[in-house]
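The file data11.csv comes next; it holds CSV, N, CA and C atoms.
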```csv
chain,number,residue,atom,x,y,z
C,1,MET,N,40.8,98.4,-43.7
C,1,MET,CA,40.3,97.8,-44.9
C,1,MET,C,40.8,96.3,-45.0
C,2,THR,N,39.9,95.4,-45.2
C,2,THR,CA,40.3,94.0,-45.4
C,2,THR,C,40.9,93.7,-46.8
C,3,ALA,N,41.5,92.6,-47.0
C,3,ALA,CA,42.0,92.2,-48.3
C,3,ALA,C,40.9,92.1,-49.3
C,4,ASP,N,39.8,91.5,-48.9
C,4,ASP,CA,38.6,91.4,-49.8
C,4,ASP,C,38.1,92.8,-50.2
C,5,GLU,N,38.0,93.7,-49.3
C,5,GLU,CA,37.6,95.0,-49.6
C,5,GLU,C,38.5,95.7,-50.5
C,6,ALA,N,39.8,95.5,-50.3
C,6,ALA,CA,40.8,96.2,-51.2
C,6,ALA,C,40.7,95.6,-52.6
C,7,LEU,N,40.5,94.3,-52.7
C,7,LEU,CA,40.4,93.7,-54.0
C,7,LEU,C,39.1,94.1,-54.8
C,8,ARG,N,38.1,94.3,-54.0
C,8,ARG,CA,36.8,94.8,-54.6
C,8,ARG,C,37.0,96.3,-55.1
C,9,GLN,N,37.8,97.0,-54.3
C,9,GLN,CA,38.1,98.4,-54.7
C,9,GLN,C,38.9,98.5,-56.0
C,10,VAL,N,39.9,97.6,-56.0
C,10,VAL,CA,40.7,97.5,-57.2
C,10,VAL,C,39.8,97.1,-58.4
C,11,ASN,N,38.9,96.2,-58.2
C,11,ASN,CA,38.0,95.8,-59.3
C,11,ASN,C,37.2,96.9,-59.8
C,12,ARG,N,36.7,97.7,-58.9
C,12,ARG,CA,35.9,98.9,-59.3
C,12,ARG,C,36.7,99.9,-60.1
C,13,GLY,N,38.0,100.1,-59.7
C,13,GLY,CA,38.9,100.9,-60.4
C,13,GLY,C,39.2,100.4,-61.8
C,14,MET,N,39.3,99.1,-61.9
C,14,MET,CA,39.6,98.5,-63.2
C,14,MET,C,38.4,98.6,-64.2
C,15,ILE,N,37.1,98.6,-63.6
C,15,ILE,CA,36.0,98.8,-64.5
C,15,ILE,C,36.2,100.2,-65.2
C,16,ALA,N,36.5,101.2,-64.5
C,16,ALA,CA,36.7,102.5,-65.1
C,16,ALA,C,37.9,102.6,-66.0
C,17,PHE,N,39.0,102.0,-65.5
C,17,PHE,CA,40.3,102.1,-66.3
C,17,PHE,C,40.1,101.4,-67.6
C,18,ASP,N,39.6,100.2,-67.6
C,18,ASP,CA,39.4,99.4,-68.9
C,18,ASP,C,38.4,100.1,-69.8
C,19,ALA,N,37.3,100.6,-69.2
C,19,ALA,CA,36.3,101.3,-70.0
C,19,ALA,C,36.9,102.6,-70.7
C,20,ILE,N,37.7,103.3,-70.0
C,20,ILE,CA,38.4,104.5,-70.5
C,20,ILE,C,39.4,104.1,-71.6
C,21,LEU,N,40.3,103.1,-71.2
C,21,LEU,CA,41.3,102.7,-72.2
C,21,LEU,C,40.7,102.1,-73.4
C,22,GLY,N,39.7,101.3,-73.3
C,22,GLY,CA,39.0,100.7,-74.5
C,22,GLY,C,38.4,101.7,-75.4
C,23,THR,N,37.7,102.7,-74.8
C,23,THR,CA,37.0,103.7,-75.5
C,23,THR,C,38.0,104.6,-76.2
C,24,ALA,N,39.0,105.0,-75.5
C,24,ALA,CA,40.1,105.9,-76.0
C,24,ALA,C,40.8,105.2,-77.2
C,25,THR,N,41.0,104.0,-77.0
C,25,THR,CA,41.8,103.2,-78.1
C,25,THR,C,40.9,103.1,-79.4
C,26,LEU,N,39.6,103.0,-79.2
C,26,LEU,CA,38.8,103.0,-80.4
C,26,LEU,C,38.6,104.4,-81.0
C,27,VAL,N,38.5,105.4,-80.2
C,27,VAL,CA,38.2,106.7,-80.7
C,27,VAL,C,39.4,107.5,-81.1
C,28,ALA,N,40.5,107.3,-80.4
C,28,ALA,CA,41.7,108.1,-80.6
C,28,ALA,C,43.0,107.2,-80.3
C,29,PRO,N,43.2,106.2,-81.2
C,29,PRO,CA,44.3,105.3,-80.9
C,29,PRO,C,45.7,106.0,-80.9
C,30,ARG,N,45.9,107.0,-81.8
C,30,ARG,CA,47.2,107.6,-81.8
C,30,ARG,C,47.5,108.4,-80.5
C,31,GLN,N,46.5,109.1,-80.1
C,31,GLN,CA,46.6,109.9,-78.8
C,31,GLN,C,46.8,109.0,-77.6
C,32,THR,N,46.1,107.8,-77.6
C,32,THR,CA,46.2,106.9,-76.5
C,32,THR,C,47.6,106.3,-76.5
C,33,LEU,N,48.1,105.9,-77.6
C,33,LEU,CA,49.5,105.5,-77.7
C,33,LEU,C,50.5,106.5,-77.1
C,34,TRP,N,50.2,107.8,-77.4
C,34,TRP,CA,51.1,108.8,-76.9
C,34,TRP,C,51.0,108.9,-75.4
C,35,VAL,N,49.8,108.8,-74.9
C,35,VAL,CA,49.6,108.8,-73.4
C,35,VAL,C,50.4,107.7,-72.8
C,36,LEU,N,50.4,106.5,-73.4
C,36,LEU,CA,51.1,105.4,-72.9
C,36,LEU,C,52.6,105.5,-73.1
C,37,GLY,N,53.1,106.5,-73.7
C,37,GLY,CA,54.5,106.7,-73.9
C,37,GLY,C,55.1,106.2,-75.1
C,38,HIS,N,54.3,105.9,-76.1
C,38,HIS,CA,54.7,105.3,-77.4
C,38,HIS,C,54.8,106.4,-78.4
C,39,GLU,N,55.8,106.4,-79.3
C,39,GLU,CA,55.9,107.3,-80.4
C,39,GLU,C,54.8,107.1,-81.4
C,40,ARG,N,54.8,108.0,-82.4
C,40,ARG,CA,53.9,107.8,-83.5
C,40,ARG,C,54.1,106.5,-84.2
C,41,VAL,N,53.0,105.9,-84.6
C,41,VAL,CA,53.2,104.6,-85.3
C,41,VAL,C,52.6,104.7,-86.7
C,42,SER,N,52.8,103.7,-87.5
C,42,SER,CA,52.3,103.6,-88.9
C,42,SER,C,50.8,103.5,-88.8
C,43,ALA,N,50.1,103.7,-89.9
C,43,ALA,CA,48.7,103.6,-90.0
C,43,ALA,C,48.3,102.1,-89.7
C,44,ASP,N,49.1,101.2,-90.1
C,44,ASP,CA,48.8,99.8,-89.8
C,44,ASP,C,49.0,99.5,-88.3
C,45,GLY,N,50.0,100.0,-87.7
C,45,GLY,CA,50.2,99.9,-86.3
C,45,GLY,C,49.1,100.5,-85.5
C,46,GLU,N,48.6,101.6,-85.9
C,46,GLU,CA,47.5,102.3,-85.3
C,46,GLU,C,46.2,101.4,-85.4
C,47,ALA,N,46.0,100.9,-86.5
C,47,ALA,CA,44.8,100.0,-86.7
C,47,ALA,C,44.9,98.7,-85.9
C,48,LEU,N,46.1,98.2,-85.8
C,48,LEU,CA,46.3,97.0,-84.9
C,48,LEU,C,46.1,97.4,-83.5
C,49,PHE,N,46.5,98.5,-83.0
C,49,PHE,CA,46.3,98.9,-81.7
C,49,PHE,C,44.8,99.2,-81.4
C,50,ARG,N,44.1,99.8,-82.4
C,50,ARG,CA,42.7,100.1,-82.3
C,50,ARG,C,41.9,98.8,-82.0
C,51,ARG,N,42.4,97.7,-82.6
C,51,ARG,CA,41.6,96.4,-82.4
C,51,ARG,C,41.6,95.9,-80.9
C,52,CYS,N,42.5,96.5,-80.1
C,52,CYS,CA,42.5,96.2,-78.7
C,52,CYS,C,41.4,96.9,-77.9
C,53,GLY,N,40.8,97.9,-78.5
C,53,GLY,CA,39.7,98.6,-77.8
C,53,GLY,C,38.6,97.7,-77.4
C,54,PRO,N,38.0,96.9,-78.3
C,54,PRO,CA,37.0,96.0,-77.8
C,54,PRO,C,37.4,94.9,-76.8
C,55,ILE,N,38.7,94.6,-76.9
C,55,ILE,CA,39.2,93.6,-75.9
C,55,ILE,C,39.2,94.3,-74.5
C,56,TRP,N,39.6,95.5,-74.4
C,56,TRP,CA,39.6,96.2,-73.1
C,56,TRP,C,38.2,96.5,-72.6
C,57,LEU,N,37.3,96.8,-73.5
C,57,LEU,CA,35.9,97.0,-73.1
C,57,LEU,C,35.3,95.7,-72.6
C,58,THR,N,35.7,94.5,-73.2
C,58,THR,CA,35.3,93.2,-72.6
C,58,THR,C,35.9,93.0,-71.2
C,59,PHE,N,37.1,93.4,-71.0
C,59,PHE,CA,37.6,93.4,-69.6
C,59,PHE,C,36.8,94.2,-68.7
C,60,ALA,N,36.4,95.4,-69.1
C,60,ALA,CA,35.6,96.3,-68.2
C,60,ALA,C,34.3,95.6,-67.9
C,61,ALA,N,33.7,95.0,-68.9
C,61,ALA,CA,32.4,94.2,-68.7
C,61,ALA,C,32.6,93.1,-67.7
C,62,ALA,N,33.7,92.4,-67.8
C,62,ALA,CA,34.0,91.2,-66.9
C,62,ALA,C,34.1,91.7,-65.5
C,63,HIS,N,34.8,92.8,-65.3
C,63,HIS,CA,35.0,93.4,-64.0
C,63,HIS,C,33.6,93.9,-63.4
C,64,ALA,N,32.8,94.5,-64.3
C,64,ALA,CA,31.5,94.9,-63.9
C,64,ALA,C,30.6,93.7,-63.5
C,65,VAL,N,30.6,92.7,-64.2
C,65,VAL,CA,29.8,91.5,-63.9
C,65,VAL,C,30.3,90.9,-62.5
C,66,ALA,N,31.6,90.8,-62.3
C,66,ALA,CA,32.1,90.3,-61.0
C,66,ALA,C,31.6,91.3,-59.9
C,67,GLU,N,31.7,92.6,-60.1
C,67,GLU,CA,31.2,93.5,-59.1
C,67,GLU,C,29.8,93.4,-58.8
C,68,TRP,N,29.0,93.3,-59.8
C,68,TRP,CA,27.5,93.3,-59.7
C,68,TRP,C,27.0,92.0,-59.1
C,69,ARG,N,27.4,90.8,-59.7
C,69,ARG,CA,26.9,89.5,-59.3
C,69,ARG,C,27.7,89.0,-58.1
C,70,GLY,N,29.1,89.1,-58.2
C,70,GLY,CA,29.9,88.6,-57.1
C,70,GLY,C,29.9,87.1,-56.9
C,71,ARG,N,29.6,86.4,-57.9
C,71,ARG,CA,29.6,84.9,-57.8
C,71,ARG,C,31.0,84.4,-57.9
C,72,ARG,N,31.2,83.3,-57.3
C,72,ARG,CA,32.5,82.6,-57.3
C,72,ARG,C,33.0,82.4,-58.7
C,73,ARG,N,32.2,82.0,-59.6
C,73,ARG,CA,32.6,81.7,-61.0
C,73,ARG,C,33.0,83.0,-61.7
C,74,ASP,N,32.4,84.1,-61.3
C,74,ASP,CA,32.7,85.4,-61.9
C,74,ASP,C,34.1,85.9,-61.5
C,75,TRP,N,34.5,85.7,-60.2
C,75,TRP,CA,35.8,86.0,-59.8
C,75,TRP,C,36.8,85.1,-60.4
C,76,TRP,N,36.5,83.8,-60.5
C,76,TRP,CA,37.5,82.9,-61.2
C,76,TRP,C,37.7,83.3,-62.6
C,77,ALA,N,36.6,83.6,-63.3
C,77,ALA,CA,36.7,84.0,-64.7
C,77,ALA,C,37.6,85.3,-64.8
C,78,LEU,N,37.4,86.2,-63.9
C,78,LEU,CA,38.2,87.5,-63.9
C,78,LEU,C,39.6,87.2,-63.6
C,79,ALA,N,39.9,86.3,-62.7
C,79,ALA,CA,41.3,85.9,-62.4
C,79,ALA,C,41.9,85.3,-63.6
C,80,TRP,N,41.3,84.4,-64.3
C,80,TRP,CA,41.8,83.8,-65.5
C,80,TRP,C,42.0,84.9,-66.6
C,81,LEU,N,41.0,85.8,-66.8
C,81,LEU,CA,41.1,86.8,-67.8
C,81,LEU,C,42.4,87.7,-67.5
C,82,ARG,N,42.5,88.1,-66.3
C,82,ARG,CA,43.7,88.9,-65.9
C,82,ARG,C,45.0,88.1,-66.1
C,83,GLY,N,44.9,86.8,-65.8
C,83,GLY,CA,46.1,86.0,-66.0
C,83,GLY,C,46.6,86.0,-67.5
C,84,THR,N,45.6,86.1,-68.4
C,84,THR,CA,46.0,86.1,-69.8
C,84,THR,C,46.8,87.4,-70.2
C,85,GLU,N,46.8,88.4,-69.4
C,85,GLU,CA,47.4,89.7,-69.7
C,85,GLU,C,48.8,89.8,-69.0
C,86,ILE,N,49.2,88.8,-68.2
C,86,ILE,CA,50.4,88.9,-67.5
C,86,ILE,C,51.6,89.3,-68.4
C,87,ALA,N,51.8,88.6,-69.5
C,87,ALA,CA,52.9,88.8,-70.3
C,87,ALA,C,52.7,89.8,-71.5
C,88,THR,N,51.5,90.1,-71.8
C,88,THR,CA,51.3,90.9,-73.0
C,88,THR,C,52.0,92.3,-73.0
C,89,ASP,N,51.8,93.1,-71.9
C,89,ASP,CA,52.4,94.4,-71.9
C,89,ASP,C,54.0,94.3,-71.8
C,90,THR,N,54.4,93.2,-71.1
C,90,THR,CA,55.9,93.0,-70.9
C,90,THR,C,56.5,92.7,-72.3
C,91,VAL,N,55.8,91.8,-73.1
C,91,VAL,CA,56.3,91.5,-74.4
C,91,VAL,C,56.3,92.8,-75.3
C,92,TRP,N,55.2,93.6,-75.2
C,92,TRP,CA,55.1,94.8,-76.0
C,92,TRP,C,56.3,95.8,-75.6
C,93,ALA,N,56.5,96.0,-74.3
C,93,ALA,CA,57.5,96.9,-73.8
C,93,ALA,C,58.9,96.4,-74.2
C,94,ALA,N,59.1,95.1,-74.2
C,94,ALA,CA,60.4,94.6,-74.5
C,94,ALA,C,60.8,94.6,-75.9
C,95,THR,N,59.8,94.6,-76.8
C,95,THR,CA,60.0,94.4,-78.2
C,95,THR,C,59.7,95.7,-79.1
C,96,SER,N,58.9,96.6,-78.6
C,96,SER,CA,58.6,97.8,-79.4
C,96,SER,C,59.6,98.9,-79.2
C,97,PRO,N,60.2,99.3,-80.4
C,97,PRO,CA,61.1,100.4,-80.3
C,97,PRO,C,60.5,101.7,-80.1
C,98,GLY,N,59.1,101.8,-80.1
C,98,GLY,CA,58.4,103.0,-80.0
C,98,GLY,C,58.3,103.6,-78.6
C,99,PHE,N,58.6,102.8,-77.6
C,99,PHE,CA,58.5,103.3,-76.2
C,99,PHE,C,59.8,104.1,-75.9
C,100,THR,N,59.7,105.4,-76.0
C,100,THR,CA,60.9,106.3,-75.8
C,100,THR,C,60.7,107.2,-74.7
C,101,ARG,N,59.5,107.5,-74.2
C,101,ARG,CA,59.4,108.4,-73.1
C,101,ARG,C,59.9,107.8,-71.8
C,102,PRO,N,60.7,108.5,-71.0
C,102,PRO,CA,61.2,107.9,-69.8
C,102,PRO,C,60.1,107.3,-68.9
C,103,GLY,N,60.3,106.1,-68.4
C,103,GLY,CA,59.4,105.5,-67.6
C,103,GLY,C,58.3,104.7,-68.3
C,104,ALA,N,58.1,104.9,-69.6
C,104,ALA,CA,57.0,104.2,-70.3
C,104,ALA,C,57.2,102.7,-70.3
C,105,ARG,N,58.4,102.3,-70.6
C,105,ARG,CA,58.7,100.8,-70.6
C,105,ARG,C,58.5,100.2,-69.3
C,106,VAL,N,59.0,100.9,-68.2
C,106,VAL,CA,58.9,100.4,-66.9
C,106,VAL,C,57.4,100.2,-66.5
C,107,ALA,N,56.6,101.2,-66.9
C,107,ALA,CA,55.2,101.2,-66.6
C,107,ALA,C,54.5,100.0,-67.3
C,108,MET,N,54.9,99.7,-68.5
C,108,MET,CA,54.4,98.5,-69.2
C,108,MET,C,54.8,97.2,-68.5
C,109,PHE,N,56.0,97.1,-68.0
C,109,PHE,CA,56.4,96.0,-67.2
C,109,PHE,C,55.6,95.8,-65.9
C,110,LEU,N,55.4,97.0,-65.3
C,110,LEU,CA,54.6,97.0,-64.1
C,110,LEU,C,53.2,96.6,-64.3
C,111,ALA,N,52.7,96.8,-65.5
C,111,ALA,CA,51.3,96.4,-65.8
C,111,ALA,C,51.2,94.9,-65.8
C,112,GLY,N,52.3,94.2,-66.2
C,112,GLY,CA,52.3,92.8,-66.1
C,112,GLY,C,52.3,92.3,-64.7
C,113,VAL,N,53.0,93.0,-63.8
C,113,VAL,CA,53.1,92.7,-62.4
C,113,VAL,C,51.7,92.9,-61.8
C,114,ALA,N,51.0,94.0,-62.2
C,114,ALA,CA,49.7,94.3,-61.7
C,114,ALA,C,48.7,93.2,-62.1
C,115,ASN,N,48.8,92.8,-63.3
C,115,ASN,CA,47.9,91.7,-63.8
C,115,ASN,C,48.1,90.4,-63.1
C,116,ALA,N,49.4,90.1,-62.8
C,116,ALA,CA,49.6,88.9,-62.0
C,116,ALA,C,49.0,89.0,-60.6
C,117,GLY,N,49.2,90.2,-60.0
C,117,GLY,CA,48.6,90.4,-58.7
C,117,GLY,C,47.1,90.3,-58.7
C,118,MET,N,46.5,90.9,-59.7
C,118,MET,CA,45.0,90.8,-59.8
C,118,MET,C,44.6,89.4,-60.0
C,119,ALA,N,45.3,88.7,-60.9
C,119,ALA,CA,44.9,87.3,-61.1
C,119,ALA,C,44.9,86.5,-59.8
C,120,LEU,N,46.0,86.6,-59.1
C,120,LEU,CA,46.1,85.9,-57.8
C,120,LEU,C,45.0,86.4,-56.8
C,121,GLY,N,44.9,87.7,-56.7
C,121,GLY,CA,43.9,88.3,-55.8
C,121,GLY,C,42.5,87.9,-56.1
C,122,PHE,N,42.1,88.0,-57.3
C,122,PHE,CA,40.7,87.6,-57.7
C,122,PHE,C,40.5,86.1,-57.6
C,123,GLY,N,41.5,85.3,-57.8
C,123,GLY,CA,41.4,83.9,-57.6
C,123,GLY,C,41.2,83.6,-56.1
C,124,ALA,N,41.9,84.3,-55.3
C,124,ALA,CA,41.8,84.1,-53.8
C,124,ALA,C,40.4,84.6,-53.4
C,125,LEU,N,39.9,85.7,-53.9
C,125,LEU,CA,38.6,86.2,-53.6
C,125,LEU,C,37.5,85.2,-54.0
C,126,ALA,N,37.7,84.5,-55.2
C,126,ALA,CA,36.8,83.5,-55.6
C,126,ALA,C,36.8,82.3,-54.6
C,127,ASP,N,37.9,82.0,-54.2
C,127,ASP,CA,38.1,80.9,-53.2
C,127,ASP,C,37.4,81.2,-51.9
C,128,ARG,N,37.6,82.4,-51.4
C,128,ARG,CA,36.9,82.8,-50.2
C,128,ARG,C,35.4,83.0,-50.3
C,129,SER,N,35.0,83.3,-51.6
C,129,SER,CA,33.6,83.5,-51.8
C,129,SER,C,32.8,82.1,-51.9
C,130,LYS,N,33.6,81.1,-51.9
C,130,LYS,CA,33.0,79.7,-52.0
C,130,LYS,C,31.9,79.5,-51.0
C,131,LYS,N,32.1,79.9,-49.8
C,131,LYS,CA,31.1,79.6,-48.7
C,131,LYS,C,29.9,80.5,-48.9
C,132,ALA,N,30.1,81.7,-49.4
C,132,ALA,CA,29.0,82.6,-49.5
C,132,ALA,C,28.1,82.3,-50.7
C,133,ARG,N,28.8,82.2,-51.8
C,133,ARG,CA,28.0,82.0,-53.1
C,133,ARG,C,28.7,80.9,-53.9
C,134,THR,N,28.1,79.8,-54.1
C,134,THR,CA,28.8,78.7,-54.7
C,134,THR,C,28.6,78.6,-56.2
C,135,SER,N,27.7,79.4,-56.8
C,135,SER,CA,27.5,79.4,-58.2
C,135,SER,C,28.4,80.3,-59.0
```
Once more with this new file: its structure as structure tokens, please.
Amino acid sequence: MTADEALRQVNRGMIAFDAILGTATLVAPRQTLWVLGHERVSADGEALFRRCGPIWLTFAAAHAVAEWRGRRRDWWALAWLRGTEIATDTVWAATSPGFTRPGARVAMFLAGVANAGMALGFGALADRSKKARTS
């Protein structure tokens, strides 16, 4: 498997991951927080978390567009979008007292690492796509 094929495979996985995460956050925020290793939160905290659902669904759509069209600008947009998420989970894990399940905090920190990797990888894919599709 080439690096480009691996990045495209990761992209396809992220379509499903963000679609599931976004939908679950909208429909069952308390249970989704529990799956992520977070304790029960206040009603206000639950509502604040629920607002992330449409954000993650937008991420799923961006991954789907890059997969479907595969244009250079789509991969660059996806790289920038993932770049915006590098610190978010890390800040959440570092500041929320609600992460009490073993490994939950580490998983959130690793999500930041994964986002950095995807940002770099999708940016590189955009650069390599330059010759094939310039729009």
- [ ] Go ahead and compute the interatomic distance for atom CA of C:Ala61 and atom CA of C:Ile15, in Å to one decimal.
- [x] 7.2 Å
Which neighbours of stretch 93-96 of chain C fall inside 7 Å, counting only N, CA and C atoms, when residues of the same chain fewer than 6 positions from it are skipped, and could you give them as a short mmCIF file (atom, residue, chain, number, x, y, z; two decimals) with N, CA and C atoms, in the frame of the given file?
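Wrote it out as out_36.cif, contents follow:
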```cif
data_model
loop_
_atom_site.label_atom_id
_atom_site.label_comp_id
_atom_site.auth_asym_id
_atom_site.auth_seq_id
_atom_site.Cartn_x
_atom_site.Cartn_y
_atom_site.Cartn_z
N ALA C 104 58.10 104.90 -69.60
CA ALA C 104 57.00 104.20 -70.30
C ALA C 104 57.20 102.70 -70.30
N ARG C 105 58.40 102.30 -70.60
CA ARG C 105 58.70 100.80 -70.60
C ARG C 105 58.50 100.20 -69.30
N MET C 108 54.90 99.70 -68.50
CA MET C 108 54.40 98.50 -69.20
C MET C 108 54.80 97.20 -68.50
N PHE C 109 56.00 97.10 -68.00
CA PHE C 109 56.40 96.00 -67.20
C PHE C 109 55.60 95.80 -65.90
#
```
- [ ] Between C:Ala87, C:Ala111, C:Ala124, C:Leu57, single out the one closest to C:Ala16, counting only C-alpha atoms.
- [x]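 Residue with the minimum atom-to-atom distance to C:Ala16: C:Leu57.
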- [ ] Would you mind telling me which residue in C:Gly70, C:Gly112, C:Gly103, C:Gly121 lies nearest to C:Gly37 when using only C-alpha atoms?
- [x] C:Gly103
- [ ] Name all residues at most 6 Å from C:Thr100 (count all atoms listed in the file; drop same-chain ones fewer than 2 positions away) and give them as JSON, numbers by chain.
- [x] {"C": [37, 38, 39, 97, 98, 102]}
Task: Length of the atom N of C:Phe59 to atom N of C:Arg128 vector [Å] - done: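 That distance, rounded to one decimal, is 22.5 Å.
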Open item on the list: I want to know what sits within 8 Å of C:Gly53, based on only N, CA and C atoms, with residues of the same chain fewer than 4 positions away left out; could you give that as a ChimeraX atom specification?
Closed with: /C:18,21-27,48-49,57-59
Task: Gap from atom C of C:Ala43 to atom C of C:Trp92 - Å, one decimal - done: 17.4 Å
